[in-house]
Each structure stands twice: as structure tokens, then as C-alpha cells.
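What follows is the content of query_24.cif, which has mmCIF, C-alpha atoms:
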data_target
loop_
_atom_site.label_atom_id
_atom_site.label_comp_id
_atom_site.auth_asym_id
_atom_site.auth_seq_id
_atom_site.Cartn_x
_atom_site.Cartn_y
_atom_site.Cartn_z
CA MET A 23 106.89 -146.07 -182.78
CA ALA A 24 103.42 -147.51 -182.76
CA LEU A 25 104.82 -151.00 -183.39
CA SER A 26 107.29 -150.69 -180.54
CA PHE A 27 104.50 -149.54 -178.19
CA LYS A 28 102.36 -152.53 -179.20
CA VAL A 29 105.18 -154.99 -178.60
CA LYS A 30 105.92 -153.43 -175.20
CA ALA A 31 102.25 -153.54 -174.17
CA ILE A 32 101.95 -157.21 -175.11
CA SER A 33 105.14 -158.18 -173.35
CA ARG A 34 104.11 -156.24 -170.26
CA SER A 35 100.70 -157.89 -170.33
CA ARG A 36 102.28 -161.31 -170.76
CA PHE A 37 104.67 -160.55 -167.95
CA LEU A 38 101.79 -159.45 -165.70
CA ARG A 39 99.83 -162.57 -166.60
CA ASN A 40 102.74 -164.80 -165.75
CA VAL A 41 103.27 -162.96 -162.47
CA PHE A 42 99.56 -163.30 -161.69
CA LEU A 43 99.48 -167.01 -162.53
CA THR A 44 102.60 -167.67 -160.48
CA SER A 45 101.25 -165.74 -157.49
CA VAL A 46 97.92 -167.62 -157.60
CA PHE A 47 99.83 -170.88 -157.76
CA ILE A 48 102.12 -169.92 -154.84
CA LEU A 49 99.20 -168.59 -152.78
CA SER A 50 97.26 -171.82 -153.31
CA PHE A 51 100.25 -173.92 -152.36
CA LEU A 52 100.80 -171.84 -149.20
CA LEU A 53 97.14 -172.03 -148.22
CA ILE A 54 97.11 -175.82 -148.66
CA PHE A 55 100.32 -176.14 -146.67
CA PHE A 56 99.13 -173.81 -143.88
CA SER A 57 95.78 -175.59 -143.77
CA LYS A 58 97.53 -178.91 -143.26
CA SER A 59 99.82 -177.49 -140.58
CA ASP A 60 96.97 -175.56 -138.91
CA TYR A 61 98.82 -172.26 -139.19
CA PHE A 62 97.14 -169.11 -137.78
CA VAL A 63 96.77 -167.53 -141.26
CA VAL A 64 94.28 -170.21 -142.26
CA ASN A 65 92.41 -169.80 -138.98
CA LYS A 66 92.17 -166.10 -139.73
CA VAL A 67 90.77 -166.83 -143.21
CA LYS A 68 88.27 -169.26 -141.68
CA SER A 69 87.24 -166.74 -139.06
CA ILE A 70 86.75 -164.00 -141.69
CA SER A 71 84.68 -166.27 -143.90
CA ASN A 72 82.57 -167.34 -140.91
CA ASN A 73 82.00 -163.78 -139.75
CA TYR A 74 81.39 -162.03 -143.05
CA LEU A 75 80.67 -164.43 -145.89
CA HIS A 76 78.51 -166.89 -144.00
CA PRO A 77 75.84 -164.34 -142.94
CA ILE A 78 75.57 -163.23 -146.59
CA THR A 79 75.07 -166.77 -147.87
CA SER A 80 72.56 -167.42 -145.08
CA PHE A 81 70.61 -164.30 -146.07
CA ILE A 82 70.60 -165.31 -149.73
CA VAL A 83 69.20 -168.75 -148.99
CA SER A 84 66.59 -167.49 -146.50
CA PRO A 85 63.67 -168.16 -148.95
CA VAL A 86 64.79 -171.80 -149.16
CA LYS A 87 65.02 -171.89 -145.36
CA VAL A 88 61.40 -170.69 -145.19
CA ILE A 89 60.32 -173.43 -147.64
CA SER A 90 62.22 -176.03 -145.62
CA HIS A 91 60.57 -174.78 -142.42
CA LEU A 92 57.10 -174.89 -144.00
CA GLN A 93 57.71 -178.42 -145.24
CA THR A 94 58.75 -179.54 -141.75
CA GLN A 95 55.65 -177.92 -140.27
CA PHE A 96 53.46 -179.67 -142.84
CA TYR A 97 54.96 -183.08 -142.03
CA ASP A 98 54.65 -182.38 -138.30
CA PHE A 99 51.02 -181.47 -138.74
CA ARG A 100 50.34 -184.63 -140.77
CA ASN A 101 51.94 -186.83 -138.12
CA LEU A 102 50.31 -185.05 -135.19
CA GLN A 103 47.90 -187.86 -134.26
CA ALA A 104 50.50 -190.63 -134.32
CA GLU A 105 53.04 -188.48 -132.49
CA ASN A 106 50.48 -187.64 -129.83
CA ASN A 107 49.89 -191.34 -129.08
CA ILE A 108 53.65 -191.97 -128.88
CA LEU A 109 54.08 -189.01 -126.53
CA LYS A 110 51.28 -190.24 -124.26
CA GLU A 111 53.04 -193.58 -123.90
CA GLU A 112 56.37 -191.83 -123.32
CA VAL A 113 54.88 -189.58 -120.61
CA MET A 114 53.63 -192.65 -118.75
CA ARG A 115 57.01 -194.31 -119.05
CA LEU A 116 58.85 -191.17 -117.97
CA LYS A 117 56.63 -190.77 -114.91
CA LYS A 118 57.76 -194.20 -113.73
CA TRP A 119 61.39 -193.22 -114.40
CA GLN A 120 60.92 -189.89 -112.63
CA ALA A 121 59.76 -191.62 -109.45
CA LEU A 122 62.79 -193.92 -109.65
CA ALA A 123 65.13 -190.98 -110.38
CA ILE A 124 63.87 -188.98 -107.38
CA HIS A 125 64.42 -192.01 -105.17
CA ASN A 126 67.92 -192.61 -106.58
CA ASN A 127 68.82 -188.93 -106.30
CA SER A 128 68.03 -188.76 -102.61
CA GLU A 129 69.90 -192.03 -102.07
CA ASN A 130 72.84 -190.64 -104.04
CA LYS A 131 72.99 -187.49 -101.92
CA VAL A 132 73.06 -189.53 -98.71
CA LEU A 133 75.80 -191.83 -100.05
CA LYS A 134 77.89 -188.86 -101.23
CA LYS A 135 77.63 -187.31 -97.80
CA LEU A 136 78.70 -190.58 -96.20
CA LEU A 137 81.68 -190.94 -98.55
CA ASN A 138 82.53 -187.23 -98.33
CA SER A 139 82.93 -187.14 -102.14
CA THR A 140 83.19 -183.98 -104.22
CA ASP A 141 80.95 -183.25 -107.19
CA SER A 142 82.56 -183.31 -110.61
CA ASN A 143 79.82 -181.23 -112.14
CA LEU A 144 79.92 -179.30 -115.35
CA THR A 145 79.83 -175.58 -116.02
CA LEU A 146 77.49 -174.31 -118.65
CA VAL A 147 79.39 -171.79 -120.76
CA LYS A 148 76.62 -170.82 -123.15
CA THR A 149 73.35 -172.06 -124.57
CA ALA A 150 73.31 -171.35 -128.28
CA SER A 151 71.09 -172.01 -131.23
CA LEU A 152 71.93 -173.49 -134.60
CA VAL A 153 72.73 -170.89 -137.25
CA SER A 154 73.44 -173.14 -140.19
CA ARG A 155 74.66 -176.58 -141.12
CA ASN A 156 77.71 -177.44 -143.23
CA ASP A 157 77.37 -181.21 -143.07
CA PHE A 158 76.61 -181.68 -146.75
CA MET A 159 78.92 -184.08 -148.64
CA PHE A 160 82.19 -184.06 -146.68
CA SER A 161 82.65 -182.86 -143.10
CA LYS A 162 79.95 -182.99 -140.43
CA MET A 163 79.86 -179.50 -138.94
CA ILE A 164 77.31 -177.02 -137.68
CA ASN A 165 77.50 -173.31 -136.88
CA ILE A 166 76.18 -171.95 -133.59
CA ASN A 167 75.60 -168.36 -132.54
CA ALA A 168 78.06 -168.22 -129.65
CA GLY A 169 81.68 -167.28 -129.83
CA LEU A 170 84.64 -165.70 -128.09
CA LYS A 171 82.47 -162.91 -126.67
CA ASP A 172 80.45 -165.56 -124.79
CA GLY A 173 83.51 -167.30 -123.41
CA VAL A 174 83.50 -170.10 -125.95
CA ILE A 175 86.94 -171.25 -127.03
CA ASN A 176 88.21 -174.13 -129.17
CA ASP A 177 87.95 -177.72 -127.92
CA MET A 178 84.96 -177.32 -125.64
CA ALA A 179 82.31 -180.03 -125.42
CA VAL A 180 78.90 -179.37 -126.96
CA VAL A 181 75.81 -181.23 -125.76
CA ASN A 182 72.06 -181.09 -126.09
CA TYR A 183 69.29 -182.66 -124.01
CA ARG A 184 70.00 -186.10 -125.54
CA GLY A 185 73.74 -186.26 -125.03
CA LEU A 186 77.08 -185.37 -126.57
CA LEU A 187 77.09 -183.63 -129.96
CA GLY A 188 80.73 -182.81 -130.60
CA ARG A 189 83.36 -180.19 -129.88
CA THR A 190 84.05 -176.59 -130.87
CA VAL A 191 86.71 -176.18 -133.55
CA ASP A 192 86.67 -172.71 -135.15
CA THR A 193 85.72 -169.98 -132.77
CA SER A 194 85.24 -166.42 -133.93
CA VAL A 195 83.77 -163.42 -132.10
CA GLY A 196 80.10 -164.30 -132.52
CA ASN A 197 80.10 -167.71 -134.18
CA THR A 198 81.54 -171.13 -133.53
CA ARG A 199 81.78 -174.19 -135.69
CA VAL A 200 81.10 -177.50 -134.01
CA LEU A 201 82.66 -180.72 -135.29
CA LEU A 202 79.98 -183.37 -134.83
CA LEU A 203 80.73 -186.83 -133.46
CA THR A 204 79.76 -188.36 -136.80
CA ASP A 205 82.64 -186.66 -138.65
CA PRO A 206 85.29 -189.21 -139.68
CA ASN A 207 88.00 -186.93 -138.24
CA SER A 208 86.33 -186.64 -134.84
CA SER A 209 87.64 -188.89 -132.10
CA ILE A 210 86.38 -189.33 -128.54
CA ALA A 211 87.52 -191.40 -125.62
CA VAL A 212 84.62 -193.40 -124.19
CA LYS A 213 83.83 -196.21 -121.78
CA THR A 214 80.88 -198.53 -121.37
CA ILE A 215 78.73 -198.05 -118.28
CA SER A 216 78.34 -201.77 -117.52
CA ASN A 217 81.98 -202.91 -117.45
CA ASN A 218 84.15 -199.79 -117.95
CA ASN A 219 85.46 -201.00 -121.29
CA TYR A 220 87.61 -198.09 -122.56
CA SER A 221 87.85 -197.30 -126.27
CA LEU A 222 88.08 -194.55 -128.88
CA LEU A 223 85.15 -193.73 -131.15
CA GLN A 224 85.30 -192.17 -134.61
CA GLY A 225 82.64 -191.15 -137.11
CA GLY A 226 81.66 -194.01 -139.38
CA ASP A 227 81.54 -194.05 -143.17
CA ASP A 228 77.74 -193.93 -143.22
CA GLY A 229 77.63 -190.62 -141.31
CA VAL A 230 75.21 -192.11 -138.79
CA HIS A 231 77.10 -194.57 -136.59
CA LEU A 232 80.30 -194.24 -134.58
CA VAL A 233 82.98 -196.90 -134.97
CA SER A 234 85.41 -197.97 -132.28
CA ALA A 235 88.96 -197.38 -133.43
CA PHE A 236 90.84 -198.70 -130.44
CA SER A 237 89.85 -200.78 -127.44
CA LYS A 238 91.92 -200.77 -124.27
CA ASP A 239 90.70 -204.21 -123.21
CA GLU A 240 90.81 -207.15 -125.54
CA LYS A 241 87.28 -208.31 -124.83
CA LEU A 242 84.55 -206.45 -126.69
CA PRO A 243 81.46 -205.05 -124.96
CA LYS A 244 77.93 -206.38 -125.47
CA VAL A 245 75.20 -205.14 -127.79
CA GLY A 246 72.95 -202.75 -125.89
CA ASP A 247 75.68 -201.41 -123.57
CA LEU A 248 75.51 -197.66 -122.98
CA VAL A 249 78.57 -195.62 -123.87
CA VAL A 250 79.64 -192.46 -122.02
CA THR A 251 82.67 -190.17 -122.28
CA SER A 252 85.60 -191.42 -120.24
CA GLY A 253 87.10 -187.97 -119.66
CA SER A 254 90.62 -189.25 -120.36
CA ALA A 255 91.23 -187.02 -123.40
CA GLN A 256 90.63 -183.86 -121.29
CA ILE A 257 88.38 -182.27 -123.94
CA PHE A 258 85.15 -183.99 -123.02
CA PRO A 259 84.12 -184.09 -119.37
CA PRO A 260 83.49 -187.62 -118.07
CA ASN A 261 80.15 -189.44 -118.00
CA ILE A 262 78.30 -187.61 -120.75
CA LEU A 263 75.95 -189.90 -122.66
CA VAL A 264 77.21 -190.73 -126.15
CA GLY A 265 75.18 -193.65 -127.46
CA LYS A 266 74.29 -197.30 -127.41
CA ILE A 267 76.23 -200.23 -128.88
CA VAL A 268 74.20 -201.67 -131.74
CA GLU A 269 76.59 -204.06 -133.46
CA ILE A 270 79.70 -206.00 -132.51
CA ARG A 271 82.12 -206.85 -135.31
CA LYS A 272 85.26 -208.91 -135.37
CA ASP A 273 87.64 -206.10 -134.37
CA ASN A 274 85.37 -203.21 -133.50
CA PHE A 275 81.84 -202.24 -132.55
CA LEU A 276 79.25 -199.76 -133.79
CA VAL A 277 77.59 -197.16 -131.60
CA LEU A 278 74.35 -195.38 -132.44
CA PRO A 279 74.52 -191.87 -130.92
CA PHE A 280 71.63 -190.71 -128.74
CA VAL A 281 71.62 -187.31 -130.43
CA ASP A 282 69.45 -186.99 -133.51
CA PHE A 283 71.90 -185.09 -135.69
CA LYS A 284 69.21 -184.22 -138.22
CA ASN A 285 67.14 -182.35 -135.63
CA ILE A 286 69.44 -179.99 -133.79
CA ASP A 287 68.06 -176.65 -132.67
CA TYR A 288 69.59 -175.62 -129.34
CA VAL A 289 72.90 -176.77 -127.94
CA GLN A 290 74.93 -176.13 -124.81
CA VAL A 291 78.63 -175.48 -124.65
CA ILE A 292 80.04 -176.92 -121.44
CA GLU A 293 83.35 -177.34 -119.65
CA ASN A 294 84.63 -179.04 -116.53
CA LYS A 295 84.25 -177.09 -113.30
CA MET B 7 87.97 -151.46 -168.66
CA PHE B 8 86.54 -154.91 -168.14
CA PRO B 9 83.81 -155.16 -170.74
CA LYS B 10 83.95 -158.95 -170.92
CA LEU B 11 83.90 -159.23 -167.16
CA LEU B 12 80.96 -156.92 -166.56
CA SER B 13 78.71 -157.67 -169.53
CA SER B 14 75.10 -158.43 -168.66
CA GLN B 15 75.55 -162.13 -169.44
CA THR B 16 78.60 -162.64 -167.26
CA LEU B 17 76.92 -160.71 -164.47
CA ILE B 18 73.99 -163.14 -164.60
CA TYR B 19 76.39 -166.09 -164.59
CA HIS B 20 78.19 -164.67 -161.56
CA LEU B 21 74.87 -164.23 -159.78
CA ILE B 22 73.99 -167.86 -160.56
CA LEU B 23 77.42 -168.89 -159.26
CA PHE B 24 77.03 -167.01 -155.99
CA PHE B 25 73.45 -168.17 -155.43
CA SER B 26 74.31 -171.82 -156.09
CA PHE B 27 77.40 -171.48 -153.89
CA SER B 28 75.25 -170.10 -151.06
CA LEU B 29 72.78 -172.97 -151.44
CA SER B 30 75.56 -175.56 -151.52
CA VAL B 31 77.23 -174.44 -148.30
CA ASN B 32 74.01 -174.25 -146.28
CA TYR B 33 72.74 -177.77 -145.75
CA PHE B 34 68.97 -178.35 -145.66
CA VAL B 35 68.21 -181.67 -144.01
CA ASP B 36 64.68 -181.86 -145.43
CA LEU B 37 65.57 -180.49 -148.84
CA GLU B 38 68.81 -182.32 -149.51
CA PHE B 39 68.02 -182.43 -153.22
CA PHE B 40 68.42 -178.63 -153.34
CA ASN B 41 71.97 -179.00 -152.09
CA PHE B 42 72.85 -181.59 -154.72
CA LEU B 43 71.16 -179.50 -157.39
CA SER B 44 72.95 -176.29 -156.47
CA TYR B 45 76.30 -178.05 -156.12
CA ALA B 46 75.92 -179.54 -159.61
CA ILE B 47 74.71 -176.23 -161.08
CA PHE B 48 77.66 -174.39 -159.57
CA HIS B 49 80.14 -176.72 -161.25
CA LEU B 50 78.32 -176.65 -164.59
CA THR B 51 78.07 -172.85 -164.54
CA LEU B 52 81.71 -172.36 -163.62
CA ILE B 53 82.88 -174.66 -166.41
CA TYR B 54 80.51 -173.08 -168.93
CA LEU B 55 81.69 -169.61 -167.90
CA VAL B 56 85.32 -170.59 -168.30
CA PHE B 57 84.66 -172.10 -171.74
CA TYR B 58 82.59 -169.34 -173.27
CA PHE B 59 83.40 -166.18 -171.27
CA PHE B 60 87.00 -166.72 -170.28
CA HIS B 61 88.59 -163.76 -168.59
CA PHE B 62 91.78 -163.69 -166.63
CA SER B 63 89.89 -162.70 -163.49
CA LEU B 64 88.09 -166.08 -163.60
CA ILE B 65 91.30 -167.69 -162.33
CA PHE B 66 91.11 -165.55 -159.21
CA ILE B 67 87.35 -166.10 -158.87
CA SER B 68 87.85 -169.88 -159.11
CA PHE B 69 90.59 -169.57 -156.50
CA LEU B 70 88.25 -167.72 -154.11
CA TYR B 71 85.35 -170.13 -154.63
CA GLY B 72 87.71 -173.07 -154.17
CA VAL B 73 88.99 -171.69 -150.86
CA PHE B 74 85.50 -170.88 -149.54
CA PHE B 75 84.00 -174.21 -150.63
CA ASP B 76 86.82 -175.97 -148.81
CA ILE B 77 86.42 -173.90 -145.67
CA PHE B 78 82.66 -174.34 -145.49
CA LEU B 79 82.34 -177.96 -146.57
CA ILE B 80 85.57 -179.54 -145.38
CA ASP B 81 87.25 -177.08 -142.99
CA TYR B 82 90.58 -177.74 -144.66
CA ILE B 83 91.77 -176.10 -147.86
CA SER B 84 92.57 -178.41 -150.80
CA PRO B 85 90.00 -180.48 -152.71
CA HIS B 86 87.91 -177.74 -154.35
CA LEU B 87 90.80 -175.33 -154.71
CA ILE B 88 92.97 -177.92 -156.43
CA SER B 89 90.24 -179.22 -158.75
CA PHE B 90 89.04 -175.72 -159.76
CA LEU B 91 92.54 -174.46 -160.42
CA VAL B 92 93.62 -177.60 -162.26
CA PHE B 93 90.63 -177.21 -164.54
CA VAL B 94 91.13 -173.46 -165.14
CA PHE B 95 94.86 -173.83 -165.76
CA LEU B 96 94.33 -176.79 -168.11
CA PHE B 97 91.73 -174.80 -170.00
CA TYR B 98 93.96 -171.72 -170.13
CA TYR B 99 96.82 -173.65 -171.68
CA SER B 100 94.70 -175.70 -174.08
CA LYS B 101 91.96 -173.24 -175.06
CA LYS B 102 93.48 -172.83 -178.54
CA TYR B 103 92.62 -176.46 -179.31
CA LEU B 104 89.45 -176.76 -177.24
CA LEU B 105 87.66 -173.84 -178.87
CA ASN B 106 88.04 -175.46 -182.29
CA PHE B 107 85.52 -178.12 -181.31
CA SER B 108 81.86 -177.87 -182.19
CA SER B 109 79.43 -176.59 -179.55
CA LYS B 110 78.01 -180.13 -179.23
CA THR B 111 81.45 -181.57 -178.42
CA ILE B 112 82.11 -178.73 -175.98
CA SER B 113 78.86 -179.46 -174.16
CA TYR B 114 79.93 -183.11 -173.78
CA ILE B 115 83.31 -181.92 -172.52
CA ILE B 116 81.52 -179.68 -169.98
CA ILE B 117 79.50 -182.55 -168.49
CA GLY B 118 82.55 -184.83 -168.59
CA VAL B 119 84.69 -182.28 -166.76
CA THR B 120 81.91 -181.71 -164.19
CA LEU B 121 81.74 -185.41 -163.33
CA LEU B 122 85.54 -185.64 -163.27
CA MET B 123 85.73 -182.70 -160.88
CA PHE B 124 83.32 -184.43 -158.46
CA VAL B 125 85.50 -187.53 -158.51
CA LEU B 126 88.69 -185.49 -158.07
CA GLU B 127 87.26 -183.52 -155.12
CA THR B 128 86.10 -186.72 -153.43
CA LEU B 129 89.43 -188.44 -154.03
CA ILE B 130 91.48 -185.52 -152.68
CA ALA B 131 89.23 -185.26 -149.60
CA ASN B 132 89.71 -189.00 -149.09
CA ILE B 133 93.47 -189.03 -149.57
CA PHE B 134 94.35 -185.79 -147.76
CA PHE B 135 91.72 -185.64 -145.02
CA ASN B 136 90.46 -189.17 -144.52
CA TYR B 137 86.89 -188.44 -145.62
CA PRO B 138 85.42 -191.72 -146.87
CA ILE B 139 84.21 -191.92 -150.46
CA ASN B 140 80.45 -191.79 -150.17
CA TYR B 141 79.29 -193.63 -153.30
CA GLN B 142 75.66 -192.82 -152.61
CA ASN B 143 76.31 -189.06 -152.55
CA LEU B 144 78.55 -189.34 -155.58
CA SER B 145 75.90 -191.18 -157.60
CA TRP B 146 73.28 -188.62 -156.52
CA LEU B 147 75.59 -185.88 -157.78
CA PHE B 148 76.17 -187.69 -161.08
CA LEU B 149 72.46 -188.24 -161.54
CA THR B 150 71.56 -184.66 -160.63
CA SER B 151 74.22 -183.30 -163.00
CA LEU B 152 72.95 -185.45 -165.85
CA ILE B 153 69.35 -184.38 -165.16
CA VAL B 154 70.10 -180.65 -164.99
CA PHE B 155 72.69 -180.64 -167.76
CA PHE B 156 70.40 -180.12 -170.78
CA PRO B 157 67.95 -177.74 -169.05
CA SER B 158 70.84 -175.62 -167.78
CA LEU B 159 72.49 -175.54 -171.23
CA PHE B 160 69.15 -174.40 -172.64
CA ILE B 161 68.92 -171.62 -170.03
CA PHE B 162 72.56 -170.66 -170.60
CA SER B 163 71.95 -170.34 -174.35
CA LYS B 164 68.98 -168.05 -173.58
CA ILE B 165 71.18 -165.94 -171.31
CA ASP B 166 73.83 -165.75 -174.04
CA LYS B 167 71.29 -164.23 -176.40
CA LEU B 168 70.46 -161.40 -173.99
#
Whole structure, C-alpha cells version:
Amino acid sequence: MALSFKVKAISRSRFLRNVFLTSVFILSFLLIFFSKSDYFVVNKVKSISNNYLHPITSFIVSPVKVISHLQTQFYDFRNLQAENNILKEEVMRLKKWQALAIHNNSENKVLKKLLNSTDSNLTLVKTASLVSRNDFMFSKMININAGLKDGVINDMAVVNYRGLLGRTVDTSVGNTRVLLLTDPNSSIAVKTISNNNYSLLQGGDDGVHLVSAFSKDEKLPKVGDLVVTSGSAQIFPPNILVGKIVEIRKDNFLVLPFVDFKNIDYVQVIENK
Amino acid sequence: MFPKLLSSQTLIYHLILFFSFSLSVNYFVDLEFFNFLSYAIFHLTLIYLVFYFFHFSLIFISFLYGVFFDIFLIDYISPHLISFLVFVFLFYYSKKYLLNFSSKTISYIIIGVTLLMFVLETLIANIFFNYPINYQNLSWLFLTSLIVFFPSLFIFSKIDKL
């Protein structure tokens, strides 16, 4: 009797183990497949992990965040003198630009009135702050504290005071993940200001520069040309500053973004009016 | 019911796992070394745990960590999930032979598997999702793993004696 019970228990346990192993295997396969096909189940898993697990991990690493903050403050304090001199020079330069901008603005208004043109201005959906960064090792993403409750949805443009940062990809109730321009899977349609040279930009291998993947015209732009969004892909509104061309290669060119991706604090989610 | 799962040692290992996971998925621009360190420690701890405190639930735990690592670091599920599960399944089916080795050989296997897992994750991310192989990051990870390997084994042996 005892022997028969033992044999049954082992076989049941083996059976359960096999069922468990098979279900883990099937579940993994399904998750990988759904992730590739962007199925809603995976989006749900992402949204749950963003809403519930991410705050816990952020809380756990808060002492490290404090250390990181203190270190930044220490470096800032050490560089105060040099930074002050740079800022003084920049203020002088900006004052000259301000005078020019005021003049151009008034001229612009008069010309618009004459041409009877309509403004293609942007709507600010939400100003949000950075919650955490996930751009270690593989993808280049950040988390911001704005979500569906603030009117943020997927595929909205995200900017800061320097220019275009990226687009929203995973939106949950209170959080949104932003795919930065420097991610190799990010792609934006741009044009140069000087000669309207249209092309597509993707994140480069170094995680710093953007590389042109496709150029509409055969001739390449010049080094130093400014690049703005062309607005042709519908996600990004037109004429948002992206970066400056720093290198021309045989088949493509490199763009250095205006945004300092290492120092992001506040961002704005925008859409076309 | 789960004495092996909830012993004081395994509990400490699970705390180390969760803490290093949390550090790995929150990037600190000024303290990048912490991210490399925690990422390496997570892999070493998981492999050590599987070798010396194997429990069936570890398969599910590896599955969960794999999914969450992928969601936080890549936004697509595959590289971590595949490499964690491949390792756990390989161990499960070959543990009879592996546990006959001396502790010294096992420790070399642990570091070898850790480095292999980094390569596998990077390769899968490259093949499936077009993420370029960043040799600089990979060498930093290798170096960090080699640096923390002996200190972490020393700490693990202290935890085992608790």
C-alpha cells in the first residue's frame, strides 16, 4: 500500500513538473510571438509592469538616486566659476539674438498678414518630468510622469527647450515611456533648413549621433546644416529642431542632436493643432 | 511546504536578486558603473542560486525576471527571457552531471555561463530587434563580472554558512 502510494506521488509530481515545464515553455513562446506582433496582451503586461513594478524598483534604488544627485551637485559646485564665465558670454550673445528675434518676429507677423497665411502652431498636451531612465545597455527610453489621464497617447512628439527628444510609445494611466531619437529603432523624417533636403534619421550605433538611413535627393547636405522635422510621417509636427549635421559620409550623414540626452529633467508632450 | 525556497539563505539571495534587478533597470547617468555592477551581480547571483539552491520555482522566477528585464531594458520580450530559460532548462536536465564537479570547477562554470549569457542576450537583441552590438558595454560587463566574481563568491559562501 505504502509502495503504491509512493509510486503514485512520484508519478503525479513528475506529471505536474512536466506540465509546469511545458506551460512555461508555451507561455514564453507566446509572449515572444505577441511581443513581435505587438499584440495587446504584451502591451497590457508592459502597462502593468510600468504602473506597479517600476515604482517599487524606483523606491528601492532611491538611496542610489540621492548619491547620484549629491555627486551631480558636487560637480556643479566645483565647476561654478567656469560655468559662470560661460554663461556671461552666452547672455551677451543671446541679447544680440533677442534683438534680432524681436525684429524678425514683427517682420514675420506683417508678412503673414500680407500673405493671409494660417499658423501651423503646436498644442502643448502636457509638461512632464523625468521619472526614471531605461537607456542602459539596449534601448534608449525614459519614463515620464504623464499618461492617459493627461491626454497623452502613443505616437506623440516629445520635446524640451533644446529640440526634439523622441516619441511616446507605451502609455499607461499615469506614466509614459518615451523612445528617444538615439534608439536604433527610432526613425524620423527630417529636412535640412538650408536646401530642404529630405531624409530619414535613425539612432546610430554609438548612442549619441543620428544616422541618415534614406535621402530623397541624391545630393548630400553640407556639414553644419540644421536639421528639422519634415512633418511628412504625421507623428512629428513639422519644423521642430532636431540637430546639426556634423559629418558627411559616402552614402549617409551624421547628425548631432541639439538635446543633451544625459541631462533631461522636464519635457513637453506636443501635438499638431 | 517550501523549506528550500524560504530558507534564510535563499531569502537573502532573492533580496540580492531583486535589489540588483532594481538597480539594473534604473539607469544612473553619473553612476553608470553601478548599473554594470548590479547587472553583473544579478546574473552571478541567479546562476549561483540555480546551481546550489535549485528549486522548481526558480524556473518561474527566472521567467518573470526575464520578462521584466526585457520590458524595462528593451521594450520587447526575448533576449533575457530566452537566455535565462535556456540556462535554467540546461541546468535542470544536466544537473546530475554538473553537481559531480568540484566547487572550484563549478565556480569557473558560473563565471563562464555569466559571460556567455551576456553574449547571448546581446546577440538576440541584435538579431531580433536590430540593437547594435556595443563592444564597449560588453567589455565593461565582462570586466565588471570578472572583478566582482571572487568577492561575490566569498560573500555567497558567508551567506551559505548562515
Discussion item. Residues of chain B within 9 Å of chain A, counting only C-alpha atoms, what are they? List them as a PyMOL selection string.
Written reply: chain B and resi 24-25+27-38+40-42+62+65-66+69+73-74+77-84+87-88+91+95+128+131+134-140+143-144
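Here CA of Ile53 in chain B stands at a distance of 29.5 Å from CA of Lys66 in chain A.
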Worksheet entry | the PyMOL selection byres ((chain A and resi 293) around 6) applied to the shown file, residues as an MDAnalysis selection string | chainID A and resid 144:145 292 294
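Evaluated on this file, the PyMOL selection byres ((chain A and resi 236) around 9) matches Tyr220, Ser221, Leu222, Leu223, Ser234, Ala235, Ser237, Lys238, Asp273 and Asn274 of chain A.
Going from CA of Phe37 in chain A over to CA of Tyr54 in chain B, you cover 27.2 Å.
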Please complete range 62-75 of chain A with N, CA and C atoms and give it back as a compact mmCIF listing (two decimals), keeping the file's coordinate frame.
# COMPACT_ATOMS: atom_id res chain seq x y z
N PHE A 62 98.13 -170.11 -138.19
CA PHE A 62 97.14 -169.11 -137.78
C PHE A 62 96.53 -168.34 -138.96
N VAL A 63 97.28 -168.27 -140.09
CA VAL A 63 96.77 -167.53 -141.26
C VAL A 63 95.47 -168.17 -141.75
N VAL A 64 95.47 -169.49 -141.79
CA VAL A 64 94.28 -170.21 -142.26
C VAL A 64 93.14 -170.02 -141.27
N ASN A 65 93.46 -170.04 -139.98
CA ASN A 65 92.41 -169.80 -138.98
C ASN A 65 91.80 -168.42 -139.14
N LYS A 66 92.65 -167.46 -139.51
CA LYS A 66 92.17 -166.10 -139.73
C LYS A 66 91.22 -166.07 -140.94
N VAL A 67 91.61 -166.77 -142.00
CA VAL A 67 90.77 -166.83 -143.21
C VAL A 67 89.43 -167.49 -142.86
N LYS A 68 89.50 -168.56 -142.07
CA LYS A 68 88.27 -169.26 -141.68
C LYS A 68 87.38 -168.34 -140.85
N SER A 69 88.00 -167.63 -139.93
CA SER A 69 87.24 -166.74 -139.06
C SER A 69 86.58 -165.61 -139.86
N ILE A 70 87.32 -165.07 -140.84
CA ILE A 70 86.75 -164.00 -141.69
C ILE A 70 85.58 -164.54 -142.50
N SER A 71 85.77 -165.73 -143.08
CA SER A 71 84.68 -166.27 -143.90
C SER A 71 83.47 -166.62 -143.04
N ASN A 72 83.70 -167.05 -141.80
CA ASN A 72 82.57 -167.34 -140.91
C ASN A 72 81.84 -166.09 -140.49
N ASN A 73 82.61 -165.01 -140.26
CA ASN A 73 82.00 -163.78 -139.75
C ASN A 73 81.32 -162.96 -140.84
N TYR A 74 81.91 -162.94 -142.02
CA TYR A 74 81.39 -162.03 -143.05
C TYR A 74 80.68 -162.73 -144.20
N LEU A 75 81.28 -163.80 -144.72
CA LEU A 75 80.67 -164.43 -145.89
C LEU A 75 79.47 -165.30 -145.51
